[in-house]
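Student: File follows, structure.cif with mmCIF, C-alpha atoms:
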```cif
data_query
#
loop_
_atom_site.group_PDB
_atom_site.id
_atom_site.type_symbol
_atom_site.label_atom_id
_atom_site.label_comp_id
_atom_site.auth_asym_id
_atom_site.auth_seq_id
_atom_site.Cartn_x
_atom_site.Cartn_y
_atom_site.Cartn_z
ATOM 1 C CA MET A 15 136.379 124.643 49.880
ATOM 2 C CA PRO A 16 140.164 124.258 49.390
ATOM 3 C CA SER A 17 141.123 120.586 49.554
ATOM 4 C CA SER A 18 143.915 121.431 52.004
ATOM 5 C CA LEU A 19 141.314 122.423 54.576
ATOM 6 C CA SER A 20 139.419 119.118 54.450
ATOM 7 C CA PRO A 21 141.775 117.073 56.708
ATOM 8 C CA PHE A 22 141.910 119.975 59.169
ATOM 9 C CA LEU A 23 138.121 120.264 59.336
ATOM 10 C CA HIS A 24 137.805 116.496 59.715
ATOM 11 C CA MET A 25 140.252 116.599 62.641
ATOM 12 C CA ILE A 26 138.247 119.424 64.268
ATOM 13 C CA HIS A 27 135.056 117.352 63.874
ATOM 14 C CA VAL A 28 136.671 114.283 65.458
ATOM 15 C CA LEU A 29 138.029 116.348 68.357
ATOM 16 C CA SER A 30 134.634 117.940 68.953
ATOM 17 C CA LEU A 31 133.052 114.479 69.137
ATOM 18 C CA LEU A 32 135.684 113.394 71.647
ATOM 19 C CA VAL A 33 135.062 116.471 73.778
ATOM 20 C CA LEU A 34 131.300 115.825 73.658
ATOM 21 C CA SER A 35 131.890 112.246 74.735
ATOM 22 C CA CYS A 36 134.027 113.465 77.631
ATOM 23 C CA MET A 37 131.324 115.899 78.655
ATOM 24 C CA ILE A 38 128.562 113.304 78.548
ATOM 25 C CA TYR A 39 130.310 110.398 80.237
ATOM 26 C CA SER A 40 133.270 112.018 81.965
ATOM 27 C CA GLY A 41 135.333 109.560 79.960
ATOM 28 C CA CYS A 42 138.332 111.874 80.028
ATOM 29 C CA ALA A 43 138.261 112.255 83.783
ATOM 30 C CA GLN A 44 140.392 110.240 86.102
ATOM 31 C CA GLY A 45 138.548 107.384 87.764
ATOM 32 C CA PRO A 46 138.062 107.096 91.508
ATOM 33 C CA PRO A 47 140.966 106.233 93.794
ATOM 34 C CA SER A 48 141.355 102.535 94.464
ATOM 35 C CA PRO A 49 139.074 101.294 97.244
ATOM 36 C CA GLY A 50 141.725 98.706 98.107
ATOM 37 C CA TYR A 51 139.140 95.943 98.599
ATOM 38 C CA TYR A 52 136.897 94.250 96.065
ATOM 39 C CA PRO A 53 133.963 92.459 97.711
ATOM 40 C CA SER A 54 132.437 91.142 94.491
ATOM 41 C CA SER A 55 135.633 89.187 93.817
ATOM 42 C CA LYS A 56 135.088 87.231 97.039
ATOM 43 C CA ILE A 57 131.719 85.893 95.875
ATOM 44 C CA SER A 58 131.248 83.161 93.276
ATOM 45 C CA PRO A 59 128.796 83.988 90.491
ATOM 46 C CA VAL A 60 125.609 82.004 89.991
ATOM 47 C CA SER A 61 123.850 81.352 86.712
ATOM 48 C CA PHE A 62 120.496 82.986 86.147
ATOM 49 C CA ASN A 63 118.620 79.702 86.527
ATOM 50 C CA GLN A 64 120.480 78.884 89.750
ATOM 51 C CA GLY A 65 119.318 82.062 91.438
ATOM 52 C CA PHE A 66 116.360 83.526 89.578
ATOM 53 C CA LYS A 67 113.187 82.943 87.602
ATOM 54 C CA ASN A 68 111.189 85.077 85.212
ATOM 55 C CA LEU A 69 108.524 87.166 86.955
ATOM 56 C CA TRP A 70 106.790 88.864 84.028
ATOM 57 C CA GLY A 71 107.271 89.410 80.304
ATOM 58 C CA PRO A 72 108.739 85.931 79.593
ATOM 59 C CA GLN A 73 108.584 86.602 75.856
ATOM 60 C CA HIS A 74 110.915 89.566 76.448
ATOM 61 C CA GLN A 75 113.652 87.593 78.178
ATOM 62 C CA ARG A 76 116.467 85.552 76.652
ATOM 63 C CA ILE A 77 119.395 83.664 78.168
ATOM 64 C CA ASP A 78 122.430 83.138 75.971
ATOM 65 C CA GLN A 79 125.831 81.827 77.113
ATOM 66 C CA GLY A 80 125.298 82.928 80.686
ATOM 67 C CA SER A 81 124.055 86.402 79.800
ATOM 68 C CA LEU A 82 120.461 87.496 80.394
ATOM 69 C CA THR A 83 118.838 89.954 77.987
ATOM 70 C CA ILE A 84 115.524 91.617 78.810
ATOM 71 C CA TRP A 85 113.788 94.225 76.711
ATOM 72 C CA LEU A 86 110.922 96.677 76.555
ATOM 73 C CA ASP A 87 108.743 97.455 73.548
ATOM 74 C CA THR A 88 105.199 98.657 73.032
ATOM 75 C CA SER A 89 103.788 95.290 74.078
ATOM 76 C CA SER A 90 105.685 94.659 77.343
ATOM 77 C CA GLY A 91 108.776 94.980 79.462
ATOM 78 C CA SER A 92 110.236 92.161 81.538
ATOM 79 C CA GLY A 93 111.275 91.348 85.072
ATOM 80 C CA PHE A 94 112.870 88.566 87.098
ATOM 81 C CA LYS A 95 112.955 87.522 90.751
ATOM 82 C CA SER A 96 115.268 85.507 92.992
ATOM 83 C CA LEU A 97 114.226 82.010 94.006
ATOM 84 C CA HIS A 98 114.781 82.816 97.691
ATOM 85 C CA SER A 99 114.138 85.768 99.962
ATOM 86 C CA TYR A 100 116.990 87.126 102.062
ATOM 87 C CA LYS A 101 117.466 88.798 105.447
ATOM 88 C CA SER A 102 120.880 90.201 104.508
ATOM 89 C CA GLY A 103 123.643 89.658 101.985
ATOM 90 C CA TYR A 104 125.538 90.843 98.928
ATOM 91 C CA PHE A 105 123.510 91.066 95.718
ATOM 92 C CA GLY A 106 124.939 92.165 92.411
ATOM 93 C CA ALA A 107 125.281 91.748 88.679
ATOM 94 C CA ALA A 108 127.271 93.039 85.763
ATOM 95 C CA ILE A 109 124.964 95.205 83.668
ATOM 96 C CA LYS A 110 125.285 96.819 80.255
ATOM 97 C CA LEU A 111 122.861 99.565 79.238
ATOM 98 C CA GLN A 112 121.453 100.603 75.884
ATOM 99 C CA PRO A 113 122.960 103.671 74.177
ATOM 100 C CA GLY A 114 121.037 106.400 72.378
ATOM 101 C CA TYR A 115 117.576 107.655 73.279
ATOM 102 C CA THR A 116 116.350 105.780 76.365
ATOM 103 C CA ALA A 117 114.361 108.522 78.115
ATOM 104 C CA GLY A 118 111.530 107.252 80.291
ATOM 105 C CA VAL A 119 112.994 103.750 80.538
ATOM 106 C CA ILE A 120 114.295 102.265 83.783
ATOM 107 C CA THR A 121 116.688 99.324 83.980
ATOM 108 C CA SER A 122 117.006 98.060 87.532
ATOM 109 C CA LEU A 123 118.406 95.691 90.126
ATOM 110 C CA TYR A 124 116.715 95.894 93.525
ATOM 111 C CA LEU A 125 115.452 94.186 96.662
ATOM 112 C CA SER A 126 111.813 94.321 97.710
ATOM 113 C CA ASN A 127 109.125 92.595 99.736
ATOM 114 C CA ASN A 128 106.267 94.295 97.906
ATOM 115 C CA GLN A 129 104.606 90.983 97.084
ATOM 116 C CA ASP A 130 104.647 89.959 100.757
ATOM 117 C CA HIS A 131 103.692 93.381 102.119
ATOM 118 C CA PRO A 132 101.691 95.242 99.438
ATOM 119 C CA GLY A 133 101.157 98.853 100.391
ATOM 120 C CA ASN A 134 103.624 98.598 103.291
ATOM 121 C CA HIS A 135 106.827 97.297 101.787
ATOM 122 C CA ASP A 136 110.586 97.797 102.028
ATOM 123 C CA GLU A 137 112.849 98.305 99.039
ATOM 124 C CA ILE A 138 116.525 98.890 98.201
ATOM 125 C CA ASP A 139 117.063 100.126 94.644
ATOM 126 C CA ILE A 140 119.691 100.446 91.975
ATOM 127 C CA GLU A 141 117.938 102.078 89.037
ATOM 128 C CA PHE A 142 119.365 103.411 85.795
ATOM 129 C CA LEU A 143 117.237 106.328 84.629
ATOM 130 C CA GLY A 144 117.130 106.498 80.854
ATOM 131 C CA THR A 145 118.290 109.600 79.068
ATOM 132 C CA THR A 146 118.561 111.576 75.864
ATOM 133 C CA PRO A 147 121.660 111.118 73.684
ATOM 134 C CA ASP A 148 123.260 114.392 74.809
ATOM 135 C CA LYS A 149 123.143 113.579 78.528
ATOM 136 C CA PRO A 150 124.534 110.778 80.710
ATOM 137 C CA TYR A 151 122.568 108.067 82.445
ATOM 138 C CA VAL A 152 121.626 108.719 86.056
ATOM 139 C CA LEU A 153 122.245 105.949 88.577
ATOM 140 C CA GLN A 154 119.602 106.277 91.284
ATOM 141 C CA THR A 155 120.033 104.556 94.633
ATOM 142 C CA ASN A 156 117.006 104.504 96.882
ATOM 143 C CA VAL A 157 115.746 103.056 100.152
ATOM 144 C CA TYR A 158 112.113 102.639 101.207
ATOM 145 C CA ILE A 159 110.966 101.545 104.646
ATOM 146 C CA ARG A 160 107.373 100.384 105.103
ATOM 147 C CA GLY A 161 106.236 102.554 102.235
ATOM 148 C CA SER A 162 103.988 102.092 99.264
ATOM 149 C CA GLY A 163 103.586 103.454 95.804
ATOM 150 C CA ASP A 164 100.716 105.743 96.739
ATOM 151 C CA VAL A 165 100.345 108.140 99.656
ATOM 152 C CA ASN A 166 102.875 107.189 102.310
ATOM 153 C CA ILE A 167 105.967 106.597 100.241
ATOM 154 C CA VAL A 168 109.160 108.249 101.508
ATOM 155 C CA GLY A 169 112.039 107.889 99.079
ATOM 156 C CA ARG A 170 115.658 108.306 100.129
ATOM 157 C CA GLU A 171 117.211 108.964 96.752
ATOM 158 C CA MET A 172 120.848 109.637 96.011
ATOM 159 C CA ARG A 173 121.662 109.987 92.320
ATOM 160 C CA PHE A 174 124.951 109.829 90.501
ATOM 161 C CA HIS A 175 126.494 110.225 87.110
ATOM 162 C CA LEU A 176 129.141 107.618 86.317
ATOM 163 C CA TRP A 177 132.828 108.094 85.541
ATOM 164 C CA PHE A 178 132.516 105.762 82.523
ATOM 165 C CA ASP A 179 130.059 105.087 79.713
ATOM 166 C CA PRO A 180 127.765 102.299 81.012
ATOM 167 C CA THR A 181 126.605 101.485 77.483
ATOM 168 C CA GLN A 182 130.046 100.460 76.199
ATOM 169 C CA ASP A 183 130.687 97.449 78.421
ATOM 170 C CA PHE A 184 129.448 95.488 81.417
ATOM 171 C CA HIS A 185 130.124 97.013 84.843
ATOM 172 C CA ASN A 186 129.501 95.490 88.260
ATOM 173 C CA TYR A 187 126.820 96.964 90.500
ATOM 174 C CA GLY A 188 126.087 95.636 93.959
ATOM 175 C CA ILE A 189 124.123 96.117 97.161
ATOM 176 C CA LEU A 190 125.507 94.961 100.513
ATOM 177 C CA TRP A 191 122.699 94.737 103.059
ATOM 178 C CA LYS A 192 123.876 94.142 106.613
ATOM 179 C CA PRO A 193 122.004 94.402 109.921
ATOM 180 C CA THR A 194 123.910 97.629 110.578
ATOM 181 C CA GLU A 195 124.314 99.334 107.198
ATOM 182 C CA LEU A 196 123.596 99.354 103.473
ATOM 183 C CA ILE A 197 126.392 99.957 100.984
ATOM 184 C CA PHE A 198 125.941 100.517 97.238
ATOM 185 C CA PHE A 199 128.900 99.584 95.009
ATOM 186 C CA VAL A 200 129.871 100.414 91.422
ATOM 187 C CA ASP A 201 132.766 98.269 90.208
ATOM 188 C CA ASP A 202 133.500 97.598 93.892
ATOM 189 C CA VAL A 203 133.816 101.309 94.634
ATOM 190 C CA PRO A 204 131.380 102.231 97.419
ATOM 191 C CA VAL A 205 129.246 105.139 96.238
ATOM 192 C CA ARG A 206 126.772 105.328 99.123
ATOM 193 C CA ARG A 207 126.567 104.139 102.708
ATOM 194 C CA TYR A 208 123.230 104.149 104.513
ATOM 195 C CA PRO A 209 123.692 103.302 108.211
ATOM 196 C CA ARG A 210 121.019 101.920 110.485
ATOM 197 C CA LYS A 211 120.187 104.791 112.826
ATOM 198 C CA SER A 212 116.832 103.523 114.065
ATOM 199 C CA GLU A 213 114.342 100.731 113.513
ATOM 200 C CA ALA A 214 111.987 103.171 111.794
ATOM 201 C CA THR A 215 114.499 104.199 109.127
ATOM 202 C CA TYR A 216 116.040 100.843 108.203
ATOM 203 C CA PRO A 217 114.735 97.848 106.244
ATOM 204 C CA THR A 218 114.838 94.649 108.331
ATOM 205 C CA ARG A 219 112.176 92.359 106.853
ATOM 206 C CA PRO A 220 113.191 89.668 104.312
ATOM 207 C CA MET A 221 113.300 90.699 100.655
ATOM 208 C CA TYR A 222 113.646 89.079 97.267
ATOM 209 C CA VAL A 223 116.105 90.275 94.605
ATOM 210 C CA TYR A 224 114.587 91.603 91.393
ATOM 211 C CA GLY A 225 115.624 93.037 88.057
ATOM 212 C CA SER A 226 113.477 94.664 85.411
ATOM 213 C CA ILE A 227 113.143 96.995 82.463
ATOM 214 C CA TRP A 228 109.993 99.106 82.281
ATOM 215 C CA ASP A 229 108.407 102.354 81.151
ATOM 216 C CA ALA A 230 108.505 105.021 83.867
ATOM 217 C CA SER A 231 107.899 107.983 81.562
ATOM 218 C CA ALA A 232 105.917 109.798 84.235
ATOM 219 C CA TRP A 233 109.041 110.589 86.265
ATOM 220 C CA ALA A 234 112.232 108.801 85.183
ATOM 221 C CA THR A 235 113.932 111.373 82.956
ATOM 222 C CA GLU A 236 114.183 114.943 84.254
ATOM 223 C CA GLY A 237 110.997 114.532 86.269
ATOM 224 C CA GLY A 238 109.005 113.239 83.296
ATOM 225 C CA LYS A 239 110.040 115.960 80.843
ATOM 226 C CA TYR A 240 111.192 113.348 78.324
ATOM 227 C CA LYS A 241 109.059 110.251 77.678
ATOM 228 C CA ALA A 242 109.808 106.833 76.234
ATOM 229 C CA ASP A 243 109.766 107.061 72.433
ATOM 230 C CA TYR A 244 108.981 103.692 70.920
ATOM 231 C CA LYS A 245 110.417 104.521 67.542
ATOM 232 C CA TYR A 246 113.694 103.573 69.285
ATOM 233 C CA GLN A 247 112.401 100.200 70.534
ATOM 234 C CA PRO A 248 113.343 97.665 71.681
ATOM 235 C CA PHE A 249 115.022 99.059 74.796
ATOM 236 C CA ILE A 250 117.464 96.432 76.036
ATOM 237 C CA GLY A 251 119.120 95.614 79.358
ATOM 238 C CA ARG A 252 121.869 93.007 79.616
ATOM 239 C CA TYR A 253 122.874 91.215 82.828
ATOM 240 C CA LYS A 254 125.500 88.621 83.686
ATOM 241 C CA ASN A 255 127.841 87.596 86.510
ATOM 242 C CA PHE A 256 125.027 87.404 89.065
ATOM 243 C CA LYS A 257 126.105 87.457 92.722
ATOM 244 C CA LEU A 258 123.778 86.216 95.475
ATOM 245 C CA GLN A 259 125.334 85.482 98.838
ATOM 246 C CA GLY A 260 123.648 86.018 102.156
ATOM 247 C CA CYS A 261 121.229 84.815 104.767
ATOM 248 C CA THR A 262 117.956 83.524 103.399
ATOM 249 C CA SER A 263 114.711 83.640 105.328
ATOM 250 C CA GLU A 264 115.386 80.051 106.368
ATOM 251 C CA SER A 265 118.945 80.679 107.593
ATOM 252 C CA SER A 266 119.769 80.290 111.269
ATOM 253 C CA ALA A 267 120.108 83.306 113.542
ATOM 254 C CA SER A 268 123.881 82.808 113.524
ATOM 255 C CA CYS A 269 124.106 83.462 109.755
ATOM 256 C CA ARG A 270 126.176 86.524 108.823
ATOM 257 C CA PRO A 271 126.287 88.339 105.460
ATOM 258 C CA PRO A 272 129.597 88.624 103.596
ATOM 259 C CA SER A 273 131.904 91.483 104.471
ATOM 260 C CA GLY A 274 132.226 94.552 102.289
ATOM 261 C CA SER A 275 135.566 95.593 103.748
ATOM 262 C CA PRO A 276 138.939 94.144 104.757
ATOM 263 C CA SER A 277 139.249 92.082 107.892
ATOM 264 C CA GLY A 278 139.286 94.181 111.051
ATOM 265 C CA PHE A 279 136.889 96.865 109.803
ATOM 266 C CA GLY A 280 133.295 96.802 110.978
ATOM 267 C CA SER A 281 132.333 99.173 108.192
ATOM 268 C CA LEU A 282 134.254 100.594 105.242
ATOM 269 C CA SER A 283 138.011 100.977 105.548
ATOM 270 C CA PRO A 284 139.535 104.489 105.432
ATOM 271 C CA GLN A 285 140.637 103.771 101.844
ATOM 272 C CA GLN A 286 137.093 102.794 100.882
ATOM 273 C CA PHE A 287 135.712 105.901 102.564
ATOM 274 C CA ARG A 288 138.133 108.060 100.546
ATOM 275 C CA ALA A 289 137.012 106.431 97.306
ATOM 276 C CA MET A 290 133.348 106.944 98.245
ATOM 277 C CA GLN A 291 133.965 110.579 99.142
ATOM 278 C CA TRP A 292 135.646 111.121 95.781
ATOM 279 C CA VAL A 293 132.592 109.754 93.964
ATOM 280 C CA GLN A 294 130.181 111.843 96.019
ATOM 281 C CA ASN A 295 132.261 114.994 95.568
ATOM 282 C CA ASN A 296 132.589 114.559 91.812
ATOM 283 C CA TYR A 297 129.603 112.595 90.541
ATOM 284 C CA MET A 298 126.686 112.878 92.949
ATOM 285 C CA VAL A 299 123.928 114.951 91.351
ATOM 286 C CA TYR A 300 121.159 114.658 93.986
ATOM 287 C CA ASN A 301 120.972 113.943 97.705
ATOM 288 C CA TYR A 302 117.530 113.810 99.311
ATOM 289 C CA CYS A 303 118.977 115.057 102.612
ATOM 290 C CA HIS A 304 120.007 118.309 100.917
ATOM 291 C CA ASP A 305 116.681 118.914 99.154
ATOM 292 C CA PRO A 306 114.850 121.868 100.771
ATOM 293 C CA ARG A 307 111.571 120.701 99.225
ATOM 294 C CA ARG A 308 111.572 117.554 101.341
ATOM 295 C CA ASP A 309 109.772 117.295 104.672
ATOM 296 C CA HIS A 310 112.685 116.495 106.970
ATOM 297 C CA ASN A 311 110.363 115.290 109.704
ATOM 298 C CA LEU A 312 109.848 112.235 107.474
ATOM 299 C CA ILE A 313 113.571 111.618 107.011
ATOM 300 C CA PRO A 314 115.028 111.987 110.520
ATOM 301 C CA GLU A 315 118.183 110.080 109.546
ATOM 302 C CA CYS A 316 119.285 113.192 107.649
#
```
Taking this structure as input, can you express it in the form of structure tokens?
Tutor:
Amino acid sequence: MPSSLSPFLHMIHVLSLLVLSCMIYSGCAQGPPSPGYYPSSKISPVSFNQGFKNLWGPQHQRIDQGSLTIWLDTSSGSGFKSLHSYKSGYFGAAIKLQPGYTAGVITSLYLSNNQDHPGNHDEIDIEFLGTTPDKPYVLQTNVYIRGSGDVNIVGREMRFHLWFDPTQDFHNYGILWKPTELIFFVDDVPVRRYPRKSEATYPTRPMYVYGSIWDASAWATEGGKYKADYKYQPFIGRYKNFKLQGCTSESSASCRPPSGSPSGFGSLSPQQFRAMQWVQNNYMVYNYCHDPRRDHNLIPEC
């Protein structure tokens, strides 16, 4: 090969890697329009020990300089749980995901009352569905009402790709749970709003806040096509900047959750709605309401 071609071929290789990176993580795309309001900035962070305790896999959990690391290997995953249960509030954390092959692995932040109501519980999920190196992570948001993990579960999944690489740095993810609506945030950009349309389709019972990393090979990545491969272990999730502000189970009836929008707006502001619409137009990859395979008698809110 002529030596004069070597720099040219090297440049082509570098450009092809950049294009692949853009394709996988949309890193070359413009980010969402400004939401104009940043609810996580209004809430003071708490340390892990102030707000949480280990729930399982204590040997797979480490706290270092305010950052929590949990990991999954062939012996165990790990999970944590808030010290208090809540009736409403803002719950979030900055999370950094593992790059490379993570198929079958779920890293999560969610609310649930499964331990109080086994087989008939409520749940509000942020779950990162692991992936293969050539494809981006999927952020799954989900809502369960009086469901269980067996026969009567009705998921309300909306899934998104992200407009950044979530393995390169920490990003803030949050759930605002109000008596009237649920809002899911990514870096303070609302990505999903789930309004309360009826008692039957909205979670109202107190829930704890959880986080975990675990093997969900049966369904997590492309419906279970790709499984967790433990030659890539340990699979690591990193959390920091925990936000817990709301009404606990012991709070008075006058307690109100923090606002997710500027003063004067009962729900999202028009600017926040525009930002959310941009995300849903450009990065939403699944909406349960649009799935013809679903029994829409079970999801009347659609």
Student: Do you have the atom CA of Cys269 of chain A-atom CA of Thr218 of chain A distance handy?
Tutor: 14.6 Å
Student: Between A:Ile109, A:Ile197, A:Ala267, A:Ala214, which has the minimum distance to Tyr158 of chain A (counting all atoms listed in the file)?
Tutor: A:Ala214
Student: Which one is closest to Asp183 of chain A: A:Thr235, A:Gln112, A:Gln154, A:Ser99? Count all atoms listed in the file.
Tutor: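 Residue with the minimum atom-to-atom distance to Asp183 of chain A: A:Gln112.
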Student: Determine the residue membership of the PyMOL selection byres ((chain A and resi 47) around 8) for the file above and supply it as a PDB file with C-alpha atoms, in the frame of the given file.
Tutor:
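Generated output (part.pdb):
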```
ATOM      1  CA  GLY A  45     138.548 107.384  87.764  1.00  0.00           C
ATOM      2  CA  PRO A  46     138.062 107.096  91.508  1.00  0.00           C
ATOM      3  CA  SER A  48     141.355 102.535  94.464  1.00  0.00           C
ATOM      4  CA  PRO A  49     139.074 101.294  97.244  1.00  0.00           C
ATOM      5  CA  ARG A 288     138.133 108.060 100.546  1.00  0.00           C
ATOM      6  CA  ALA A 289     137.012 106.431  97.306  1.00  0.00           C
ATOM      7  CA  TRP A 292     135.646 111.121  95.781  1.00  0.00           C
TER       8      TRP A 292
END
```
Student: With the file shown as input, list the residues that the PyMOL selection byres ((chain A and resi 242) around 8) selects, as an MDAnalysis selection string.
Tutor: chainID A and resid 116:119 229:231 240:241 243:244
Student: Could you state the separation of atom CA of Phe199 of chain A and atom CA of Asn186 of chain A in Å, given to one decimal place?
Tutor: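 It comes out at 7.9 Å.
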Student: Output the residue selection produced by the PyMOL selection byres ((chain A and resi 100) around 7) on the file above, formatted as a PyMOL selection string.
Tutor: chain A and resi 98-99+101-102+220-222+260-263
Student: Just checking: using only C-alpha atoms, which residue out of A:Gln129, A:Ser265, A:Asn134, A:Asn311 ends up closest to Leu69 of chain A?
Tutor: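 Going through A:Gln129, A:Ser265, A:Asn134, A:Asn311 one by one, the smallest distance to Leu69 of chain A is for A:Gln129.
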Student: Select from segment 33-129 of chain A every residue with an atom at most 6 Å from any atom of segment 139-143 of chain A, then for each give the shortest pair of atoms and their distance in Å to one decimal, using all atoms listed in the file, rows by chain and rising number, as JSON lines.
Tutor:
```
{"residue": "A:Ile120", "atom": "CA", "partner": "A:Leu143", "partner_atom": "CA", "distance": 5.1}
{"residue": "A:Thr121", "atom": "CA", "partner": "A:Phe142", "partner_atom": "CA", "distance": 5.2}
{"residue": "A:Ser122", "atom": "CA", "partner": "A:Glu141", "partner_atom": "CA", "distance": 4.4}
{"residue": "A:Leu123", "atom": "CA", "partner": "A:Ile140", "partner_atom": "CA", "distance": 5.3}
{"residue": "A:Tyr124", "atom": "CA", "partner": "A:Asp139", "partner_atom": "CA", "distance": 4.4}
```
Student: Between atom CA of Asp148 of chain A and atom CA of Ser81 of chain A, what is the distance in Å, rounded to a tenth?
Tutor: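 Between atom CA of Asp148 of chain A and atom CA of Ser81 of chain A the gap works out to 28.4 Å.
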Student: Using all atoms listed in the file, what does the table of segment 165-196 of chain A residues within 10 Å of segment 270-286 of chain A look like, with each row giving the shortest atom pair and its distance in Å to one decimal, sorted by chain and ascending number, as a tab-separated table?
Tutor:
```
residue	atom	partner	partner_atom	distance
A:Ile189	CA	A:Gly274	CA	9.7
A:Leu190	CA	A:Gly274	CA	7.0
A:Trp191	CA	A:Pro271	CA	7.7
A:Lys192	CA	A:Pro271	CA	6.4
A:Pro193	CA	A:Pro271	CA	8.7
A:Thr194	CA	A:Ser281	CA	8.9
A:Glu195	CA	A:Ser281	CA	8.1
A:Leu196	CA	A:Ser281	CA	9.9
```
Student: At a cut-off of 6 Å from (123.6, 108.5, 84.4) in the coordinates of the file, what residues are picked up using all atoms listed in the file, written as a ChimeraX atom specification?
Tutor: /A:150-153,175-176
Student: Which residues, protein or nucleic acid, reach to within 7 Å of (110.3, 109.3, 107.7) in the file's coordinates when using all atoms listed in the file, and can you give that as a list in words?
Tutor: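 Residues lying no farther than 7 Å from the given point: Val168, Thr215, Asn311, Leu312, Ile313 and Pro314 of chain A.
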Student: Considering all atoms listed in the file, can you say which of A:Ala232, A:Leu125, A:Ala107, A:Leu258 comes closest to Ile57 of chain A?
Tutor: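 Looking at the shortest contact to Ile57 of chain A, the residue is A:Leu258.
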Student: Contacts of His185 of chain A at 12 Å or less, counting only C-alpha atoms, minus same-chain residues fewer than 2 places along, as an mmCIF file with C-alpha atoms, keeping the file's coordinate frame?
Tutor:
```cif
data_model
loop_
_atom_site.group_PDB
_atom_site.id
_atom_site.type_symbol
_atom_site.label_atom_id
_atom_site.label_comp_id
_atom_site.auth_asym_id
_atom_site.auth_seq_id
_atom_site.Cartn_x
_atom_site.Cartn_y
_atom_site.Cartn_z
ATOM 1 C CA SER A 54 132.437 91.142 94.491
ATOM 2 C CA GLY A 106 124.939 92.165 92.411
ATOM 3 C CA ALA A 107 125.281 91.748 88.679
ATOM 4 C CA ALA A 108 127.271 93.039 85.763
ATOM 5 C CA ILE A 109 124.964 95.205 83.668
ATOM 6 C CA LYS A 110 125.285 96.819 80.255
ATOM 7 C CA LEU A 111 122.861 99.565 79.238
ATOM 8 C CA LEU A 176 129.141 107.618 86.317
ATOM 9 C CA TRP A 177 132.828 108.094 85.541
ATOM 10 C CA PHE A 178 132.516 105.762 82.523
ATOM 11 C CA ASP A 179 130.059 105.087 79.713
ATOM 12 C CA PRO A 180 127.765 102.299 81.012
ATOM 13 C CA THR A 181 126.605 101.485 77.483
ATOM 14 C CA GLN A 182 130.046 100.460 76.199
ATOM 15 C CA ASP A 183 130.687 97.449 78.421
ATOM 16 C CA TYR A 187 126.820 96.964 90.500
ATOM 17 C CA GLY A 188 126.087 95.636 93.959
ATOM 18 C CA PHE A 199 128.900 99.584 95.009
ATOM 19 C CA VAL A 200 129.871 100.414 91.422
ATOM 20 C CA ASP A 201 132.766 98.269 90.208
ATOM 21 C CA ASP A 202 133.500 97.598 93.892
ATOM 22 C CA VAL A 203 133.816 101.309 94.634
ATOM 23 C CA ARG A 252 121.869 93.007 79.616
ATOM 24 C CA TYR A 253 122.874 91.215 82.828
ATOM 25 C CA LYS A 254 125.500 88.621 83.686
ATOM 26 C CA ASN A 255 127.841 87.596 86.510
ATOM 27 C CA PHE A 256 125.027 87.404 89.065
#
```
Student: Where atoms are absent from segment 57-64 of chain A, fill them in so it carries N, CA, C and O atoms, then output it as a CSV table (one decimal), in the coordinates of the input.
Tutor:
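So part_33.csv came out as:
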```csv
chain,number,residue,atom,x,y,z
A,57,ILE,N,133.0,86.6,96.0
A,57,ILE,CA,131.7,85.9,95.9
A,57,ILE,C,131.6,85.2,94.5
A,57,ILE,O,131.8,85.9,93.5
A,58,SER,N,131.3,83.9,94.5
A,58,SER,CA,131.2,83.2,93.3
A,58,SER,C,130.0,83.5,92.6
A,58,SER,O,128.9,83.6,93.2
A,59,PRO,N,130.0,83.7,91.2
A,59,PRO,CA,128.8,84.0,90.5
A,59,PRO,C,127.9,82.8,90.4
A,59,PRO,O,128.3,81.6,90.6
A,60,VAL,N,126.6,83.1,90.2
A,60,VAL,CA,125.6,82.0,90.0
A,60,VAL,C,125.0,82.3,88.6
A,60,VAL,O,124.9,83.4,88.1
A,61,SER,N,124.6,81.2,88.0
A,61,SER,CA,123.8,81.4,86.7
A,61,SER,C,122.5,81.9,87.0
A,61,SER,O,121.9,81.8,88.1
A,62,PHE,N,121.8,82.4,86.0
A,62,PHE,CA,120.5,83.0,86.1
A,62,PHE,C,119.5,81.9,86.7
A,62,PHE,O,118.8,82.2,87.7
A,63,ASN,N,119.6,80.7,86.1
A,63,ASN,CA,118.6,79.7,86.5
A,63,ASN,C,118.9,79.1,87.9
A,63,ASN,O,118.0,78.6,88.6
A,64,GLN,N,120.1,79.3,88.4
A,64,GLN,CA,120.5,78.9,89.8
A,64,GLN,C,119.9,79.8,90.8
A,64,GLN,O,119.6,79.4,91.9
```
